[in-house]
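Data block for entry_5.pdb (PDB, C-alpha atoms, pLDDT in the B column):
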ATOM      1  CA  MET A 236     -14.923   1.645   2.901  1.00 43.00           C
ATOM      2  CA  ARG A 237     -14.591  -2.041   3.426  1.00 41.00           C
ATOM      3  CA  ARG A 238     -12.162  -3.552   5.928  1.00 42.00           C
ATOM      4  CA  SER A 239      -8.607  -2.918   5.373  1.00 39.00           C
ATOM      5  CA  PHE A 240      -4.890  -3.533   2.284  1.00 37.00           C
ATOM      6  CA  ALA A 241      -1.343  -4.399   2.560  1.00 39.00           C
ATOM      7  CA  LEU A 242       0.219  -4.129   1.622  1.00 41.00           C
ATOM      8  CA  VAL A 243       0.320  -4.929  -0.570  1.00 39.00           C
ATOM      9  CA  ALA A 244       0.376  -4.266   0.458  1.00 38.00           C
ATOM     10  CA  MET A 245      -1.316  -4.930   0.016  1.00 39.00           C
ATOM     11  CA  SER A 246      -0.335  -4.849   2.142  1.00 39.00           C
ATOM     12  CA  LEU A 247       0.143  -3.698   2.802  1.00 39.00           C
ATOM     13  CA  TRP A 248       0.746  -3.648   6.212  1.00 35.00           C
ATOM     14  CA  VAL A 249       2.444  -1.580   8.752  1.00 37.00           C
ATOM     15  CA  VAL A 250       2.581  -0.226  12.299  1.00 39.00           C
ATOM     16  CA  THR A 251       4.718   2.257  14.202  1.00 40.00           C
ATOM     17  CA  GLY A 252       5.738   3.367  17.630  1.00 44.00           C
ATOM     18  CA  CYS A 253       7.557   1.552  20.425  1.00 45.00           C
ATOM     19  CA  ASP A 254       8.658   2.238  23.961  1.00 41.00           C
ATOM     20  CA  SER A 255      12.351   2.211  23.033  1.00 40.00           C
ATOM     21  CA  THR A 256      12.138   5.260  20.722  1.00 42.00           C
ATOM     22  CA  PRO A 257      11.859   8.928  21.600  1.00 40.00           C
ATOM     23  CA  THR A 258       8.298  10.204  21.752  1.00 41.00           C
ATOM     24  CA  SER A 259       7.523  12.880  19.204  1.00 40.00           C
ATOM     25  CA  THR A 260       5.925  15.849  20.938  1.00 38.00           C
ATOM     26  CA  ASN A 261       4.270  18.934  19.557  1.00 39.00           C
ATOM     27  CA  LYS A 262       4.531  17.404  16.132  1.00 41.00           C
ATOM     28  CA  PRO A 263       1.371  17.467  14.018  1.00 41.00           C
ATOM     29  CA  LEU A 264       0.417  14.288  12.215  1.00 37.00           C
ATOM     30  CA  PRO A 265       1.707  14.535   8.629  1.00 39.00           C
ATOM     31  CA  THR A 266      -1.094  14.321   6.122  1.00 38.00           C
ATOM     32  CA  LEU A 267      -0.869  11.914   3.221  1.00 36.00           C
ATOM     33  CA  ALA A 268      -1.593  14.776   0.848  1.00 35.00           C
ATOM     34  CA  GLU A 269       1.515  16.628   2.051  1.00 39.00           C
ATOM     35  CA  LYS A 270       3.669  13.687   1.038  1.00 40.00           C
ATOM     36  CA  SER A 271       1.915  12.715  -2.187  1.00 41.00           C
ATOM     37  CA  ASP A 272       4.329  14.654  -4.378  1.00 42.00           C
ATOM     38  CA  THR A 273       7.277  12.587  -3.115  1.00 44.00           C
ATOM     39  CA  LEU A 274       5.780   9.121  -3.211  1.00 49.00           C
ATOM     40  CA  ALA A 275       6.324   7.998  -6.797  1.00 52.00           C
ATOM     41  CA  GLY A 276       9.139   9.671  -8.673  1.00 58.00           C
ATOM     42  CA  THR A 277       9.371   7.372 -11.683  1.00 84.00           C
ATOM     43  CA  SER A 278       6.845   6.858 -14.442  1.00 90.00           C
ATOM     44  CA  ALA A 279       5.043   3.530 -14.802  1.00 94.00           C
ATOM     45  CA  GLY A 280       4.540   2.587 -18.438  1.00 92.00           C
ATOM     46  CA  VAL A 281       2.181   0.045 -19.966  1.00 91.00           C
ATOM     47  CA  GLY A 282       4.389  -2.539 -21.663  1.00 92.00           C
ATOM     48  CA  PRO A 283       3.803  -5.379 -24.118  1.00 91.00           C
ATOM     49  CA  GLY A 284       0.674  -7.388 -23.430  1.00 90.00           C
ATOM     50  CA  GLY A 285      -0.729  -4.603 -21.282  1.00 91.00           C
ATOM     51  CA  ILE A 286       1.638  -5.381 -18.385  1.00 95.00           C
ATOM     52  CA  ILE A 287       2.917  -2.682 -16.043  1.00 96.00           C
ATOM     53  CA  LYS A 288       6.073  -3.785 -14.221  1.00 97.00           C
ATOM     54  CA  LEU A 289       6.268  -2.652 -10.612  1.00 97.00           C
ATOM     55  CA  THR A 290       9.539  -1.822  -8.881  1.00 97.00           C
ATOM     56  CA  GLY A 291      10.696  -0.013  -5.780  1.00 96.00           C
ATOM     57  CA  GLU A 292      11.421   2.974  -8.021  1.00 95.00           C
ATOM     58  CA  ASN A 293       7.982   3.436  -9.578  1.00 96.00           C
ATOM     59  CA  THR A 294       5.864   2.080  -6.709  1.00 97.00           C
ATOM     60  CA  LYS A 295       5.854   3.423  -3.156  1.00 96.00           C
ATOM     61  CA  VAL A 296       4.239   1.863  -0.094  1.00 96.00           C
ATOM     62  CA  LYS A 297       4.173   4.383   2.764  1.00 94.00           C
ATOM     63  CA  PHE A 298       2.673   4.482   6.234  1.00 89.00           C
ATOM     64  CA  VAL A 299       1.854   6.933   9.008  1.00 90.00           C
ATOM     65  CA  GLY A 300       1.410   5.446  12.477  1.00 87.00           C
ATOM     66  CA  THR A 301       0.334   7.322  15.567  1.00 89.00           C
ATOM     67  CA  LYS A 302       0.624   7.191  19.321  1.00 88.00           C
ATOM     68  CA  PRO A 303      -0.422   9.652  22.030  1.00 89.00           C
ATOM     69  CA  GLY A 304       1.618  12.807  21.524  1.00 84.00           C
ATOM     70  CA  GLY A 305       3.205  11.954  18.194  1.00 90.00           C
ATOM     71  CA  SER A 306       3.509   9.983  14.970  1.00 91.00           C
ATOM     72  CA  HIS A 307       6.042   8.182  12.782  1.00 93.00           C
ATOM     73  CA  THR A 308       6.349   7.663   9.028  1.00 92.00           C
ATOM     74  CA  GLY A 309       7.967   4.899   7.034  1.00 92.00           C
ATOM     75  CA  GLY A 310       7.611   2.476   4.169  1.00 95.00           C
ATOM     76  CA  PHE A 311       9.205  -0.246   2.064  1.00 96.00           C
ATOM     77  CA  GLY A 312      11.973   0.456  -0.432  1.00 95.00           C
ATOM     78  CA  SER A 313      12.086  -2.741  -2.476  1.00 97.00           C
ATOM     79  CA  LEU A 314       9.337  -4.669  -4.257  1.00 98.00           C
ATOM     80  CA  THR A 315       8.490  -6.438  -7.497  1.00 98.00           C
ATOM     81  CA  GLY A 316       5.220  -7.134  -9.253  1.00 98.00           C
ATOM     82  CA  GLU A 317       2.947  -6.318 -12.126  1.00 98.00           C
ATOM     83  CA  ILE A 318      -0.416  -4.837 -13.014  1.00 97.00           C
ATOM     84  CA  ALA A 319      -2.307  -6.266 -15.985  1.00 96.00           C
ATOM     85  CA  VAL A 320      -4.362  -3.746 -17.924  1.00 90.00           C
ATOM     86  CA  ARG A 321      -7.779  -5.104 -18.868  1.00 79.00           C
ATOM     87  CA  LYS A 322      -8.467  -5.539 -22.554  1.00 66.00           C
ATOM     88  CA  HIS A 323     -11.869  -5.839 -24.192  1.00 55.00           C
ATOM     89  CA  SER A 324     -12.685  -6.974 -27.684  1.00 55.00           C
ATOM     90  CA  PRO A 325     -13.464  -4.105 -30.074  1.00 56.00           C
ATOM     91  CA  GLY A 326     -17.137  -3.185 -29.823  1.00 55.00           C
ATOM     92  CA  ALA A 327     -17.731  -5.389 -26.773  1.00 55.00           C
ATOM     93  CA  THR A 328     -19.708  -4.044 -23.823  1.00 54.00           C
ATOM     94  CA  PRO A 329     -18.126  -5.177 -20.543  1.00 50.00           C
ATOM     95  CA  LYS A 330     -20.269  -6.256 -17.608  1.00 53.00           C
ATOM     96  CA  GLU A 331     -21.079  -3.585 -15.049  1.00 47.00           C
ATOM     97  CA  ASP A 332     -18.612  -5.010 -12.502  1.00 47.00           C
ATOM     98  CA  GLU A 333     -15.866  -5.434 -15.129  1.00 48.00           C
ATOM     99  CA  ARG A 334     -15.493  -1.856 -16.333  1.00 43.00           C
ATOM    100  CA  GLY A 335     -12.311  -1.171 -14.405  1.00 52.00           C
ATOM    101  CA  ALA A 336      -9.260  -0.434 -16.478  1.00 82.00           C
ATOM    102  CA  ILE A 337      -7.087  -3.093 -14.832  1.00 91.00           C
ATOM    103  CA  ASP A 338      -7.514  -6.845 -14.556  1.00 93.00           C
ATOM    104  CA  SER A 339      -5.112  -7.956 -11.830  1.00 96.00           C
ATOM    105  CA  ILE A 340      -2.323  -6.921  -9.464  1.00 97.00           C
ATOM    106  CA  LYS A 341       0.490  -9.042  -8.057  1.00 98.00           C
ATOM    107  CA  VAL A 342       3.058  -7.597  -5.660  1.00 98.00           C
ATOM    108  CA  GLU A 343       5.865  -9.038  -3.545  1.00 98.00           C
ATOM    109  CA  ILE A 344       7.436  -6.673  -1.011  1.00 98.00           C
ATOM    110  CA  ASP A 345      10.872  -7.185   0.497  1.00 98.00           C
ATOM    111  CA  ALA A 346      10.055  -6.825   4.198  1.00 97.00           C
ATOM    112  CA  THR A 347      13.738  -6.339   5.035  1.00 97.00           C
ATOM    113  CA  SER A 348      13.647  -3.052   3.075  1.00 97.00           C
ATOM    114  CA  LEU A 349      11.388  -1.485   5.718  1.00 97.00           C
ATOM    115  CA  THR A 350      12.468   1.984   6.813  1.00 96.00           C
ATOM    116  CA  SER A 351      11.085   4.606   9.190  1.00 96.00           C
ATOM    117  CA  ASP A 352      11.909   8.101  10.404  1.00 95.00           C
ATOM    118  CA  ASN A 353      13.817   6.705  13.405  1.00 94.00           C
ATOM    119  CA  PRO A 354      16.668   4.134  13.173  1.00 96.00           C
ATOM    120  CA  ALA A 355      15.828   2.531  16.528  1.00 96.00           C
ATOM    121  CA  LEU A 356      12.190   2.212  15.508  1.00 94.00           C
ATOM    122  CA  THR A 357      13.206   0.681  12.169  1.00 96.00           C
ATOM    123  CA  ASN A 358      15.153  -2.048  13.954  1.00 96.00           C
ATOM    124  CA  HIS A 359      12.253  -2.680  16.328  1.00 95.00           C
ATOM    125  CA  LEU A 360       9.729  -2.947  13.481  1.00 95.00           C
ATOM    126  CA  LYS A 361      11.945  -5.523  11.759  1.00 96.00           C
ATOM    127  CA  GLY A 362      12.199  -7.611  14.922  1.00 95.00           C
ATOM    128  CA  ASP A 363      10.045 -10.240  16.589  1.00 94.00           C
ATOM    129  CA  ASP A 364       7.576  -7.764  18.088  1.00 93.00           C
ATOM    130  CA  PHE A 365       6.424  -6.692  14.636  1.00 93.00           C
ATOM    131  CA  PHE A 366       7.353  -7.978  11.165  1.00 94.00           C
ATOM    132  CA  LYS A 367       9.884 -10.711  12.057  1.00 95.00           C
ATOM    133  CA  VAL A 368      11.685 -10.057   8.787  1.00 96.00           C
ATOM    134  CA  GLN A 369      14.334 -12.731   9.345  1.00 96.00           C
ATOM    135  CA  LYS A 370      11.646 -15.409   9.481  1.00 96.00           C
ATOM    136  CA  HIS A 371       9.183 -13.744   7.083  1.00 96.00           C
ATOM    137  CA  PRO A 372      11.237 -11.674   4.576  1.00 97.00           C
ATOM    138  CA  LYS A 373       8.423 -11.326   2.034  1.00 97.00           C
ATOM    139  CA  ILE A 374       4.970  -9.749   2.037  1.00 96.00           C
ATOM    140  CA  ALA A 375       2.751 -10.654  -0.929  1.00 97.00           C
ATOM    141  CA  PHE A 376      -0.533  -9.385  -2.320  1.00 97.00           C
ATOM    142  CA  THR A 377      -2.616 -10.833  -5.175  1.00 98.00           C
ATOM    143  CA  THR A 378      -5.975  -9.486  -6.301  1.00 98.00           C
ATOM    144  CA  THR A 379      -9.041 -11.713  -6.341  1.00 97.00           C
ATOM    145  CA  LYS A 380     -11.564  -9.093  -7.473  1.00 96.00           C
ATOM    146  CA  ILE A 381     -11.489  -5.549  -8.873  1.00 95.00           C
ATOM    147  CA  GLN A 382     -14.790  -3.660  -8.901  1.00 93.00           C
ATOM    148  CA  THR A 383     -16.044  -0.229  -9.915  1.00 92.00           C
ATOM    149  CA  PRO A 384     -18.649   0.489  -7.199  1.00 93.00           C
ATOM    150  CA  THR A 385     -19.324   4.051  -8.372  1.00 92.00           C
ATOM    151  CA  GLY A 386     -19.618   3.090 -12.036  1.00 89.00           C
ATOM    152  CA  LYS A 387     -16.551   5.148 -12.874  1.00 90.00           C
ATOM    153  CA  PRO A 388     -13.697   3.081 -14.389  1.00 89.00           C
ATOM    154  CA  GLU A 389     -11.104   5.226 -12.630  1.00 91.00           C
ATOM    155  CA  GLU A 390     -12.530   4.542  -9.139  1.00 94.00           C
ATOM    156  CA  LEU A 391     -11.828   0.996  -8.031  1.00 96.00           C
ATOM    157  CA  LEU A 392     -12.481  -1.236  -5.053  1.00 97.00           C
ATOM    158  CA  ILE A 393      -9.613  -3.708  -4.920  1.00 97.00           C
ATOM    159  CA  THR A 394      -9.966  -6.997  -3.043  1.00 97.00           C
ATOM    160  CA  GLY A 395      -7.206  -9.525  -2.669  1.00 97.00           C
ATOM    161  CA  GLU A 396      -5.180 -11.915  -0.579  1.00 97.00           C
ATOM    162  CA  LEU A 397      -2.462 -10.450   1.617  1.00 95.00           C
ATOM    163  CA  GLU A 398       0.199 -12.861   2.821  1.00 96.00           C
ATOM    164  CA  ILE A 399       2.103 -11.532   5.827  1.00 94.00           C
ATOM    165  CA  LEU A 400       3.827 -13.169   8.808  1.00 93.00           C
ATOM    166  CA  GLY A 401       3.074 -16.575   7.304  1.00 91.00           C
ATOM    167  CA  GLU A 402      -0.684 -15.989   7.269  1.00 92.00           C
ATOM    168  CA  LYS A 403      -3.110 -15.101   4.478  1.00 94.00           C
ATOM    169  CA  LYS A 404      -5.766 -12.430   4.968  1.00 93.00           C
ATOM    170  CA  GLN A 405      -8.394 -11.021   2.604  1.00 95.00           C
ATOM    171  CA  ILE A 406      -8.429  -7.252   2.446  1.00 95.00           C
ATOM    172  CA  SER A 407     -10.240  -4.580   0.419  1.00 96.00           C
ATOM    173  CA  PHE A 408      -9.338  -0.963  -0.251  1.00 97.00           C
ATOM    174  CA  PRO A 409     -10.337   1.852  -2.642  1.00 97.00           C
ATOM    175  CA  ALA A 410      -8.010   3.170  -5.334  1.00 97.00           C
ATOM    176  CA  LYS A 411      -8.027   5.710  -8.144  1.00 96.00           C
ATOM    177  CA  ILE A 412      -6.235   5.201 -11.440  1.00 95.00           C
ATOM    178  CA  ALA A 413      -5.387   7.209 -14.548  1.00 93.00           C
ATOM    179  CA  MET A 414      -3.834   6.293 -17.893  1.00 89.00           C
ATOM    180  CA  ASP A 415      -2.592   8.571 -20.633  1.00 89.00           C
ATOM    181  CA  ARG A 416      -0.465   7.815 -23.696  1.00 87.00           C
ATOM    182  CA  GLY A 417       0.978   4.631 -22.263  1.00 89.00           C
ATOM    183  CA  LEU A 418       1.592   6.010 -18.757  1.00 92.00           C
ATOM    184  CA  PHE A 419      -0.194   4.666 -15.693  1.00 94.00           C
ATOM    185  CA  HIS A 420      -0.886   6.135 -12.253  1.00 95.00           C
ATOM    186  CA  MET A 421      -2.655   4.590  -9.285  1.00 96.00           C
ATOM    187  CA  LYS A 422      -3.116   5.873  -5.744  1.00 97.00           C
ATOM    188  CA  ALA A 423      -4.741   4.164  -2.778  1.00 97.00           C
ATOM    189  CA  GLU A 424      -5.201   5.705   0.664  1.00 96.00           C
ATOM    190  CA  PHE A 425      -6.809   3.790   3.486  1.00 94.00           C
ATOM    191  CA  LYS A 426      -6.472   2.691   7.110  1.00 93.00           C
ATOM    192  CA  LEU A 427      -5.378  -0.747   8.270  1.00 91.00           C
ATOM    193  CA  ASN A 428      -5.902  -2.281  11.706  1.00 93.00           C
ATOM    194  CA  ARG A 429      -2.617  -3.969  12.591  1.00 90.00           C
ATOM    195  CA  HIS A 430      -4.330  -6.576  14.782  1.00 90.00           C
ATOM    196  CA  GLU A 431      -6.132  -7.927  11.726  1.00 90.00           C
ATOM    197  CA  ILE A 432      -2.807  -8.890  10.140  1.00 88.00           C
ATOM    198  CA  GLY A 433      -1.296 -10.454  13.233  1.00 89.00           C
ATOM    199  CA  ILE A 434       0.664  -7.541  14.724  1.00 88.00           C
ATOM    200  CA  THR A 435      -0.556  -7.288  18.302  1.00 90.00           C
ATOM    201  CA  TYR A 436       2.435  -5.806  20.121  1.00 88.00           C
ATOM    202  CA  GLN A 437       1.732  -3.376  22.969  1.00 85.00           C
ATOM    203  CA  PRO A 438       4.575  -1.481  24.703  1.00 86.00           C
ATOM    204  CA  LYS A 439       5.091  -1.940  28.437  1.00 84.00           C
ATOM    205  CA  GLN A 440       4.793   1.793  28.865  1.00 82.00           C
ATOM    206  CA  GLY A 441       2.495   4.062  26.867  1.00 81.00           C
ATOM    207  CA  SER A 442       0.526   2.869  23.865  1.00 87.00           C
ATOM    208  CA  ILE A 443       0.380   2.844  20.100  1.00 89.00           C
ATOM    209  CA  ASP A 444      -2.750   3.201  18.003  1.00 91.00           C
ATOM    210  CA  ASP A 445      -4.237   0.167  16.293  1.00 91.00           C
ATOM    211  CA  GLU A 446      -5.010   1.883  12.995  1.00 93.00           C
ATOM    212  CA  VAL A 447      -2.272   2.885  10.561  1.00 89.00           C
ATOM    213  CA  SER A 448      -2.727   5.145   7.522  1.00 93.00           C
ATOM    214  CA  ILE A 449      -1.425   3.520   4.335  1.00 94.00           C
ATOM    215  CA  THR A 450      -0.638   5.072   0.966  1.00 96.00           C
ATOM    216  CA  VAL A 451       0.241   3.034  -2.111  1.00 97.00           C
ATOM    217  CA  GLU A 452       1.178   4.976  -5.234  1.00 96.00           C
ATOM    218  CA  VAL A 453       2.275   3.732  -8.649  1.00 97.00           C
ATOM    219  CA  GLY A 454       3.913   6.072 -11.161  1.00 94.00           C
ATOM    220  CA  ASN A 455       3.873   9.835 -11.426  1.00 91.00           C
ATOM    221  CA  GLU A 456       0.549  11.611 -11.166  1.00 88.00           C
ATOM    222  CA  ILE A 457      -0.903  12.291 -14.615  1.00 84.00           C
ATOM    223  CA  PRO A 458      -2.130  15.898 -15.015  1.00 78.00           C
ATOM    224  CA  ALA A 459      -5.814  16.223 -15.817  1.00 71.00           C
ATOM    225  CA  ALA A 460      -6.573  17.139 -19.390  1.00 61.00           C
ATOM    226  CA  LYS A 461      -7.422  20.802 -19.887  1.00 56.00           C
TER     227      LYS A 461
END
Would you encode the structure as structure tokens?
Amino acid sequence: MRRSFALVAMSLWVVTGCDSTPTSTNKPLPTLAEKSDTLAGTSAGVGPGGIIKLTGENTKVKFVGTKPGGSHTGGFGSLTGEIAVRKHSPGATPKEDERGAIDSIKVEIDATSLTSDNPALTNHLKGDDFFKVQKHPKIAFTTTKIQTPTGKPEELLITGELEILGEKKQISFPAKIAMDRGLFHMKAEFKLNRHEIGITYQPKQGSIDDEVSITVEVGNEIPAAK
């Protein structure tokens, strides 16, 4: 997998743990798979012009951060954006690197909608040590390239520009998509190094891990055809 998302989102784009919050002990790290059934509770439909509108209801950006002896979960509750479904002329044969089913993604996340599993941690993440949401209330992601490295149109490598904390970074991450009868589903799971997006905070006591697990999911999962 190539370097880093993110968040969108993308950034994409999160870290947890601080010395002012209780340390979670004897608590196993939640797996992304265990939470996948709660990530996207609203369908994402393909609208006119092949545009899928993204909202905080049909698109979920979640994170799992770790520190010695524990972990924390969180995410962003509010965002806007769109995914453009790629269209080819009837009978045309697309180039090998243009066989993906989508053409572009644009997302803007409301950084002030950040939440976590601990109120004190949430406030700390919003502050100057981390996301500085009062000064930088938006996180944006725009694709620059979408590839199909395996040759399968449902398996994508998404590359784009993540704007966070007033800086722009290029990131890449894998994603899987599915479409059926006008419904769309996408899921991306990857790790992001917080230092690469400008979040370098270290607590005075203890430590927090540099890598954060990110999940981005759009729409309800579409059951495989039998």
Sorted per-residue table, stretch 367-445 of chain A near stretch 281-289 of chain A, closest atoms and distance, 12 Å, only C-alpha atoms, as JSON lines:
{"residue": "A:Ala413", "atom": "CA", "partner": "A:Val281", "partner_atom": "CA", "distance": 11.7}
{"residue": "A:Met414", "atom": "CA", "partner": "A:Val281", "partner_atom": "CA", "distance": 8.9}
{"residue": "A:Asp415", "atom": "CA", "partner": "A:Val281", "partner_atom": "CA", "distance": 9.8}
{"residue": "A:Arg416", "atom": "CA", "partner": "A:Val281", "partner_atom": "CA", "distance": 9.0}
{"residue": "A:Gly417", "atom": "CA", "partner": "A:Val281", "partner_atom": "CA", "distance": 5.3}
{"residue": "A:Leu418", "atom": "CA", "partner": "A:Val281", "partner_atom": "CA", "distance": 6.1}
{"residue": "A:Phe419", "atom": "CA", "partner": "A:Val281", "partner_atom": "CA", "distance": 6.7}
{"residue": "A:His420", "atom": "CA", "partner": "A:Val281", "partner_atom": "CA", "distance": 10.3}
{"residue": "A:Met421", "atom": "CA", "partner": "A:Ile287", "partner_atom": "CA", "distance": 11.4}
Using all atoms listed in the file, pick whichever of A:Thr450, A:Pro438, A:Glu390, A:Phe376 has the shortest atom-to-atom distance to A:Lys297.
A:Thr450
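Atom CA of A:Lys439 is positioned 22.3 Å from atom CA of A:Val368.
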Work out how far atom CA of A:Leu397 is from atom CA of A:Gly316, in Å to one decimal.
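Atom CA of A:Leu397 lies at a distance of 13.7 Å from atom CA of A:Gly316.
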Expand the PyMOL selection byres ((chain A and resi 309) around 6) into the individual residues it matches in the shown file, reporting them as a PDB file with C-alpha atoms, keeping the file's coordinate frame.
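Saved the output as selection-v4.pdb:
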ATOM      1  CA  LYS A 297       4.173   4.383   2.764  1.00 94.00           C
ATOM      2  CA  PHE A 298       2.673   4.482   6.234  1.00 89.00           C
ATOM      3  CA  THR A 308       6.349   7.663   9.028  1.00 92.00           C
ATOM      4  CA  GLY A 310       7.611   2.476   4.169  1.00 95.00           C
ATOM      5  CA  THR A 350      12.468   1.984   6.813  1.00 96.00           C
ATOM      6  CA  SER A 351      11.085   4.606   9.190  1.00 96.00           C
TER       7      SER A 351
END
